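work_3.tsv follows; it contains TSV, N, CA, C and O atoms.
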chain	number	residue	atom	x	y	z
A	1238	MET	N	137.15	99.75	41.41
A	1238	MET	CA	137.96	98.55	41.44
A	1238	MET	C	137.29	97.44	40.62
A	1238	MET	O	137.96	96.71	39.91
A	1239	TYR	N	135.99	97.35	40.76
A	1239	TYR	CA	135.30	96.24	40.09
A	1239	TYR	C	135.04	96.49	38.61
A	1239	TYR	O	134.82	95.54	37.87
A	1240	ILE	N	135.07	97.74	38.17
A	1240	ILE	CA	134.79	98.02	36.76
A	1240	ILE	C	135.87	97.42	35.86
A	1240	ILE	O	135.57	96.90	34.78
A	1241	VAL	N	137.12	97.45	36.31
A	1241	VAL	CA	138.20	96.86	35.53
A	1241	VAL	C	138.05	95.35	35.48
A	1241	VAL	O	138.25	94.72	34.44
A	1242	ALA	N	137.68	94.75	36.60
A	1242	ALA	CA	137.49	93.30	36.65
A	1242	ALA	C	136.33	92.87	35.75
A	1242	ALA	O	136.41	91.85	35.06
A	1243	ILE	N	135.25	93.65	35.75
A	1243	ILE	CA	134.11	93.32	34.90
A	1243	ILE	C	134.49	93.45	33.42
A	1243	ILE	O	134.13	92.59	32.60
A	1244	ALA	N	135.24	94.49	33.09
A	1244	ALA	CA	135.67	94.68	31.70
A	1244	ALA	C	136.59	93.55	31.25
A	1244	ALA	O	136.48	93.03	30.14
A	1245	TRP	N	137.52	93.17	32.14
A	1245	TRP	CA	138.44	92.07	31.79
A	1245	TRP	C	137.67	90.76	31.63
A	1245	TRP	O	137.94	89.97	30.72
A	1246	ALA	N	136.71	90.50	32.49
A	1246	ALA	CA	135.90	89.29	32.38
A	1246	ALA	C	135.12	89.27	31.06
A	1246	ALA	O	134.99	88.22	30.43
A	1247	PHE	N	134.63	90.43	30.65
A	1247	PHE	CA	133.91	90.52	29.38
A	1247	PHE	C	134.83	90.21	28.21
A	1247	PHE	O	134.48	89.46	27.29
A	1248	VAL	N	136.03	90.75	28.22
A	1248	VAL	CA	137.00	90.51	27.15
A	1248	VAL	C	137.37	89.03	27.10
A	1248	VAL	O	137.42	88.42	26.02
A	1249	VAL	N	137.62	88.44	28.24
A	1249	VAL	CA	137.99	87.03	28.29
A	1249	VAL	C	136.82	86.15	27.83
A	1249	VAL	O	137.02	85.14	27.14
A	1250	LEU	N	135.62	86.51	28.19
A	1250	LEU	CA	134.44	85.76	27.75
A	1250	LEU	C	134.32	85.81	26.22
A	1250	LEU	O	134.04	84.79	25.59
A	1251	LEU	N	134.57	86.97	25.63
A	1251	LEU	CA	134.54	87.07	24.17
A	1251	LEU	C	135.67	86.27	23.53
A	1251	LEU	O	135.49	85.66	22.47
A	1252	MET	N	136.85	86.25	24.16
A	1252	MET	CA	137.96	85.43	23.65
A	1252	MET	C	137.59	83.96	23.67
A	1252	MET	O	137.85	83.22	22.71
A	1253	ALA	N	136.97	83.52	24.76
A	1253	ALA	CA	136.58	82.11	24.87
A	1253	ALA	C	135.49	81.77	23.86
A	1253	ALA	O	135.49	80.69	23.26
A	1254	LEU	N	134.55	82.69	23.67
A	1254	LEU	CA	133.49	82.46	22.68
A	1254	LEU	C	134.07	82.37	21.28
A	1254	LEU	O	133.67	81.50	20.48
A	1255	THR	N	135.03	83.21	20.97
A	1255	THR	CA	135.69	83.16	19.66
A	1255	THR	C	136.44	81.85	19.49
A	1255	THR	O	136.42	81.24	18.42
A	1256	GLU	N	137.10	81.42	20.53
A	1256	GLU	CA	137.85	80.15	20.49
A	1256	GLU	C	136.90	78.98	20.25
A	1256	GLU	O	137.19	78.07	19.47
A	1257	ALA	N	135.75	78.99	20.91
A	1257	ALA	CA	134.82	77.88	20.79
A	1257	ALA	C	134.14	77.83	19.42
A	1257	ALA	O	133.86	76.75	18.89
A	1258	THR	N	133.87	78.98	18.83
A	1258	THR	CA	133.15	79.00	17.56
A	1258	THR	C	134.06	79.07	16.34
A	1258	THR	O	133.58	78.99	15.21
A	1259	SER	N	135.35	79.19	16.55
A	1259	SER	CA	136.29	79.25	15.44
A	1259	SER	C	136.38	77.88	14.76
A	1259	SER	O	136.17	76.84	15.38
A	1260	SER	N	136.73	77.89	13.48
A	1260	SER	CA	136.85	76.62	12.76
A	1260	SER	C	138.07	75.82	13.24
A	1260	SER	O	138.07	74.59	13.14
A	1261	GLN	N	139.08	76.49	13.74
A	1261	GLN	CA	140.25	75.78	14.24
A	1261	GLN	C	140.27	75.69	15.77
A	1261	GLN	O	141.18	75.10	16.34
A	1262	GLY	N	139.28	76.26	16.42
A	1262	GLY	CA	139.23	76.25	17.88
A	1262	GLY	C	138.44	75.07	18.41
A	1262	GLY	O	137.75	74.36	17.68
A	1263	THR	N	138.59	74.84	19.70
A	1263	THR	CA	137.87	73.75	20.36
A	1263	THR	C	137.19	74.28	21.61
A	1263	THR	O	137.54	75.35	22.12
A	1264	VAL	N	136.26	73.52	22.12
A	1264	VAL	CA	135.57	73.90	23.35
A	1264	VAL	C	136.52	73.77	24.54
A	1264	VAL	O	136.49	74.60	25.45
A	1265	ILE	N	137.38	72.76	24.52
A	1265	ILE	CA	138.35	72.61	25.62
A	1265	ILE	C	139.34	73.78	25.61
A	1265	ILE	O	139.75	74.26	26.67
A	1266	GLY	N	139.70	74.26	24.42
A	1266	GLY	CA	140.55	75.44	24.33
A	1266	GLY	C	139.86	76.67	24.88
A	1266	GLY	O	140.48	77.51	25.54
A	1267	ALA	N	138.57	76.79	24.61
A	1267	ALA	CA	137.79	77.91	25.15
A	1267	ALA	C	137.71	77.83	26.67
A	1267	ALA	O	137.80	78.84	27.36
A	1268	PHE	N	137.55	76.62	27.18
A	1268	PHE	CA	137.50	76.44	28.63
A	1268	PHE	C	138.82	76.86	29.28
A	1268	PHE	O	138.83	77.58	30.29
A	1269	PHE	N	139.94	76.43	28.72
A	1269	PHE	CA	141.23	76.80	29.29
A	1269	PHE	C	141.54	78.29	29.09
A	1269	PHE	O	142.20	78.91	29.94
A	1270	THR	N	141.06	78.87	28.00
A	1270	THR	CA	141.19	80.31	27.83
A	1270	THR	C	140.45	81.04	28.93
A	1270	THR	O	140.97	81.97	29.54
A	1271	LEU	N	139.23	80.62	29.18
A	1271	LEU	CA	138.43	81.24	30.24
A	1271	LEU	C	139.08	81.04	31.60
A	1271	LEU	O	139.12	81.97	32.42
A	1272	LEU	N	139.61	79.87	31.85
A	1272	LEU	CA	140.22	79.57	33.15
A	1272	LEU	C	141.54	80.30	33.34
A	1272	LEU	O	141.77	80.97	34.36
A	1273	LEU	N	142.43	80.20	32.36
A	1273	LEU	CA	143.79	80.71	32.54
A	1273	LEU	C	143.92	82.21	32.25
A	1273	LEU	O	144.83	82.85	32.77
A	1274	TYR	N	143.05	82.77	31.42
A	1274	TYR	CA	143.09	84.20	31.16
A	1274	TYR	C	142.09	84.98	32.00
A	1274	TYR	O	142.21	86.19	32.14
A	1275	GLY	N	141.09	84.28	32.52
A	1275	GLY	CA	140.03	84.99	33.23
A	1275	GLY	C	139.96	84.69	34.71
A	1275	GLY	O	140.22	85.56	35.54
A	1276	VAL	N	139.59	83.49	35.05
A	1276	VAL	CA	139.29	83.17	36.45
A	1276	VAL	C	140.53	83.26	37.33
A	1276	VAL	O	140.50	83.90	38.39
A	1277	LEU	N	141.60	82.64	36.93
A	1277	LEU	CA	142.81	82.62	37.76
A	1277	LEU	C	143.40	84.02	37.97
A	1277	LEU	O	143.60	84.42	39.12
A	1278	PRO	N	143.66	84.79	36.91
A	1278	PRO	CA	144.22	86.13	37.16
A	1278	PRO	C	143.28	87.06	37.92
A	1278	PRO	O	143.71	87.82	38.77
A	1279	LEU	N	141.98	86.98	37.61
A	1279	LEU	CA	141.04	87.85	38.31
A	1279	LEU	C	140.94	87.52	39.78
A	1279	LEU	O	140.84	88.42	40.62
A	1280	SER	N	140.98	86.24	40.12
A	1280	SER	CA	140.91	85.88	41.53
A	1280	SER	C	142.13	86.38	42.29
A	1280	SER	O	142.02	86.88	43.41
A	1281	ILE	N	143.29	86.29	41.67
A	1281	ILE	CA	144.51	86.78	42.33
A	1281	ILE	C	144.48	88.30	42.48
A	1281	ILE	O	144.77	88.83	43.56
A	1282	VAL	N	144.11	89.00	41.43
A	1282	VAL	CA	144.10	90.47	41.48
A	1282	VAL	C	143.05	90.98	42.47
A	1282	VAL	O	143.32	91.89	43.26
A	1283	LEU	N	141.86	90.40	42.45
A	1283	LEU	CA	140.83	90.85	43.38
A	1283	LEU	C	141.20	90.53	44.82
A	1283	LEU	O	140.90	91.31	45.74
A	1284	TYR	N	141.86	89.41	45.05
A	1284	TYR	CA	142.32	89.08	46.41
A	1284	TYR	C	143.35	90.10	46.89
A	1284	TYR	O	143.28	90.60	48.01
A	1285	LEU	N	144.31	90.43	46.03
A	1285	LEU	CA	145.34	91.38	46.42
A	1285	LEU	C	144.79	92.79	46.59
A	1285	LEU	O	145.21	93.53	47.48
A	1286	MET	N	143.83	93.18	45.76
A	1286	MET	CA	143.25	94.51	45.88
A	1286	MET	C	142.34	94.63	47.09
A	1286	MET	O	142.10	95.72	47.59
A	1287	GLY	N	141.81	93.52	47.58
A	1287	GLY	CA	140.95	93.55	48.76
A	1287	GLY	C	141.69	93.44	50.07
A	1287	GLY	O	141.09	93.53	51.14
A	1288	THR	N	143.01	93.27	50.03
A	1288	THR	CA	143.80	93.10	51.25
A	1288	THR	C	143.70	94.31	52.18
A	1288	THR	O	143.51	94.12	53.39
A	1289	PRO	N	143.81	95.55	51.71
A	1289	PRO	CA	143.71	96.67	52.65
A	1289	PRO	C	142.36	96.74	53.38
A	1289	PRO	O	142.32	97.04	54.58
A	1290	SER	N	141.28	96.44	52.70
A	1290	SER	CA	139.97	96.49	53.37
A	1290	SER	C	139.82	95.35	54.38
A	1290	SER	O	139.23	95.53	55.45
A	1291	ARG	N	140.37	94.17	54.07
A	1291	ARG	CA	140.33	93.08	55.04
A	1291	ARG	C	141.18	93.41	56.26
A	1291	ARG	O	140.80	93.13	57.40
A	1292	ARG	N	142.33	94.02	56.04
A	1292	ARG	CA	143.21	94.40	57.15
A	1292	ARG	C	142.53	95.44	58.03
A	1292	ARG	O	142.58	95.37	59.27
A	1293	ALA	N	141.87	96.43	57.42
A	1293	ALA	CA	141.16	97.45	58.20
A	1293	ALA	C	140.01	96.85	58.99
A	1293	ALA	O	139.79	97.23	60.15
A	1294	ALA	N	139.29	95.92	58.40
A	1294	ALA	CA	138.18	95.28	59.12
A	1294	ALA	C	138.70	94.46	60.29
A	1294	ALA	O	138.08	94.43	61.36
A	1295	ARG	N	139.83	93.78	60.11
A	1295	ARG	CA	140.40	92.99	61.21
A	1295	ARG	C	140.86	93.90	62.34
A	1295	ARG	O	140.62	93.61	63.51
A	1296	ARG	N	141.51	95.03	62.01
A	1296	ARG	CA	141.94	95.97	63.05
A	1296	ARG	C	140.76	96.57	63.79
A	1296	ARG	O	140.80	96.76	65.01
A	1297	LYS	N	139.70	96.88	63.05
A	1297	LYS	CA	138.50	97.43	63.69
A	1297	LYS	C	137.88	96.42	64.63
A	1297	LYS	O	137.45	96.76	65.73
A	1298	ALA	N	137.83	95.15	64.22
A	1298	ALA	CA	137.26	94.11	65.08
A	1298	ALA	C	138.13	93.89	66.33
A	1298	ALA	O	137.61	93.64	67.42
A	1299	GLU	N	139.45	94.00	66.17
A	1299	GLU	CA	140.33	93.82	67.32
A	1299	GLU	C	140.19	94.97	68.32
A	1299	GLU	O	140.30	94.75	69.52
A	1300	THR	N	139.97	96.18	67.85
A	1300	THR	CA	139.83	97.30	68.77
A	1300	THR	C	138.49	97.30	69.47
A	1300	THR	O	138.38	97.77	70.59
A	1301	GLN	N	137.46	96.77	68.85
A	1301	GLN	CA	136.14	96.72	69.47
A	1301	GLN	C	135.96	95.51	70.37
A	1301	GLN	O	135.08	95.49	71.20
A	1302	GLU	N	136.78	94.50	70.23
A	1302	GLU	CA	136.63	93.27	70.99
A	1302	GLU	C	136.76	93.45	72.50
A	1302	GLU	O	135.92	92.99	73.24
A	1303	PRO	N	137.77	94.14	73.03
A	1303	PRO	CA	137.88	94.25	74.48
A	1303	PRO	C	136.74	95.05	75.10
A	1303	PRO	O	136.33	94.77	76.22
A	1304	ALA	N	136.19	96.02	74.41
A	1304	ALA	CA	135.10	96.82	74.97
A	1304	ALA	C	133.79	96.05	74.99
A	1304	ALA	O	132.89	96.37	75.76
A	1305	ALA	N	133.64	95.04	74.19
A	1305	ALA	CA	132.38	94.30	74.11
A	1305	ALA	C	132.16	93.41	75.31
A	1305	ALA	O	131.03	93.14	75.70
A	1306	SER	N	133.20	92.94	75.94
A	1306	SER	CA	133.07	92.00	77.04
A	1306	SER	C	133.55	92.64	78.33
A	1306	SER	O	134.64	93.17	78.40
A	1307	GLN	N	132.72	92.58	79.37
A	1307	GLN	CA	133.09	93.14	80.67
A	1307	GLN	C	133.51	92.05	81.66
A	1307	GLN	O	133.94	92.34	82.75
A	1308	GLU	N	133.36	90.80	81.28
A	1308	GLU	CA	133.72	89.69	82.16
A	1308	GLU	C	135.23	89.50	82.16
A	1308	GLU	O	135.89	89.69	81.14
A	1309	PRO	N	135.79	89.08	83.30
A	1309	PRO	CA	137.24	88.91	83.37
A	1309	PRO	C	137.78	87.80	82.47
A	1309	PRO	O	138.91	87.87	82.00
A	1310	ASP	N	136.97	86.78	82.23
A	1310	ASP	CA	137.46	85.68	81.40
A	1310	ASP	C	137.16	85.89	79.91
A	1310	ASP	O	137.49	85.06	79.09
A	1311	GLY	N	136.52	87.01	79.57
A	1311	GLY	CA	136.28	87.33	78.18
A	1311	GLY	C	135.02	86.70	77.61
A	1311	GLY	O	134.73	86.83	76.44
A	1312	SER	N	134.25	85.99	78.42
A	1312	SER	CA	133.03	85.36	77.91
A	1312	SER	C	131.83	86.23	78.25
A	1312	SER	O	131.92	87.18	79.03
A	1313	ASP	N	130.67	85.88	77.69
A	1313	ASP	CA	129.49	86.69	77.93
A	1313	ASP	C	128.58	86.10	79.01
A	1313	ASP	O	127.47	86.55	79.18
A	1314	HIS	N	129.03	85.11	79.74
A	1314	HIS	CA	128.23	84.55	80.81
A	1314	HIS	C	128.94	84.77	82.15
A	1314	HIS	O	130.13	85.08	82.20
A	1315	ALA	N	128.18	84.64	83.22
A	1315	ALA	CA	128.74	84.87	84.55
A	1315	ALA	C	129.76	83.79	84.89
A	1315	ALA	O	129.63	82.63	84.53
A	1316	ALA	N	130.77	84.22	85.61
A	1316	ALA	CA	131.81	83.27	86.02
A	1316	ALA	C	131.27	82.38	87.13
A	1316	ALA	O	130.55	82.83	88.03
A	1317	GLY	N	131.62	81.11	87.08
A	1317	GLY	CA	131.19	80.17	88.11
A	1317	GLY	C	132.15	80.16	89.28
A	1317	GLY	O	133.08	80.95	89.37
A	1318	GLU	N	131.87	79.26	90.22
A	1318	GLU	CA	132.78	79.14	91.35
A	1318	GLU	C	134.11	78.59	90.87
A	1318	GLU	O	134.18	77.84	89.92
A	1319	ARG	N	135.11	78.96	91.58
A	1319	ARG	CA	136.42	78.48	91.24
A	1319	ARG	C	136.60	77.04	91.68
A	1319	ARG	O	136.20	76.68	92.78
A	1320	LEU	N	137.15	76.21	90.85
A	1320	LEU	CA	137.36	74.81	91.18
A	1320	LEU	C	138.71	74.65	91.85
A	1320	LEU	O	139.72	75.16	91.37
A	1321	MET	N	138.69	73.91	92.91
A	1321	MET	CA	139.95	73.63	93.60
A	1321	MET	C	140.53	72.34	93.03
A	1321	MET	O	139.80	71.42	92.69
A	1322	PRO	N	141.84	72.27	92.96
A	1322	PRO	CA	142.43	71.02	92.45
A	1322	PRO	C	142.22	69.88	93.43
A	1322	PRO	O	142.16	70.08	94.65
A	1323	GLU	N	142.05	68.69	92.87
A	1323	GLU	CA	141.86	67.52	93.72
A	1323	GLU	C	143.16	67.15	94.39
A	1323	GLU	O	144.22	67.17	93.78
A	1324	ARG	N	143.02	66.75	95.66
A	1324	ARG	CA	144.20	66.29	96.38
A	1324	ARG	C	144.13	64.80	96.53
A	1324	ARG	O	143.07	64.26	96.79
A	1325	LYS	N	145.25	64.18	96.36
A	1325	LYS	CA	145.30	62.75	96.57
A	1325	LYS	C	145.56	62.47	98.03
A	1325	LYS	O	146.43	63.07	98.65
A	1326	GLU	N	144.78	61.59	98.58
A	1326	GLU	CA	144.97	61.20	99.98
A	1326	GLU	C	146.15	60.26	100.08
A	1326	GLU	O	146.27	59.31	99.30
A	1327	PRO	N	147.04	60.44	101.05
A	1327	PRO	CA	148.19	59.55	101.18
A	1327	PRO	C	147.86	58.18	101.71
A	1327	PRO	O	146.90	57.84	102.23
For the file at hand, write its structure as structure tokens.
Amino acid sequence: MYIVAIAWAFVVLLMALTEATSSQGTVIGAFFTLLLYGVLPLSIVLYLMGTPSRRAARRKAETQEPAASQEPDGSDHAAGERLMPERKEP
């Protein structure tokens, strides 16, 4: 998955370098080339390609969560005494 992203980043870096060193190019043009052809598309593609692994990790954490805690309230400390509600005296 990452080899394609690395190759694309390399190509975009060379495009930006060509833009910056060209006689008709500018550094700001190279910056926007790097941003709009490289960083933005790569971040979207890598986020979308990582969705299945994030979903699997979340499901795994949800299935292990109930077994980790034996307390009735779900915390890792002992339960205290139960508090009674205050009564107002008439």
**Request:** Give me, please, the distance in Å between atom C of Val1248 in chain A and CA of Thr1270 in chain A, quoted to one decimal.
**Result:**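 We find that atom C of Val1248 in chain A and CA of Thr1270 in chain A lie 9.5 Å from each other.
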**Message:** When you look at range 1277-1283 of chain A with a cut-off of 10 Å (counting only C-alpha atoms), what residues show up, excluding the ones that are within fewer than 5 positions of it in the same chain? I need them as a list in words.
**Reply:**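 My reading of the contact set: Met1238, Tyr1239, Val1241, Ala1242, Ile1243, Trp1245, Ala1246, Leu1271, Leu1272 and Thr1288 of chain A.
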**Complete:** What separates atom C of Lys1297 in chain A and atom N of Ile1240 in chain A is a distance of 26.6 Å
**Message:** When you count only C-alpha atoms, which of these residues is closest to Tyr1274 in chain A: A:Met1252, A:Gly1262, A:Arg1292, A:Glu1323?
**Reply:**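 Once distances to Tyr1274 in chain A are computed over only C-alpha atoms, the minimum belongs to A:Met1252.
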**Message:** Could you list, as a list in words, every residue within 12 Å of Phe1269 in chain A, counting only C-alpha atoms and ignoring same-chain residues fewer than 6 positions away?
**Reply:**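 That gives Val1249, Leu1250, Met1252, Ala1253, Leu1254, Glu1256, Ala1257, Gly1262, Thr1263, Gly1275, Val1276 and Leu1277 of chain A.
The space between atom O of Ala1267 in chain A and CA of Thr1255 in chain A spans 9.1 Å.
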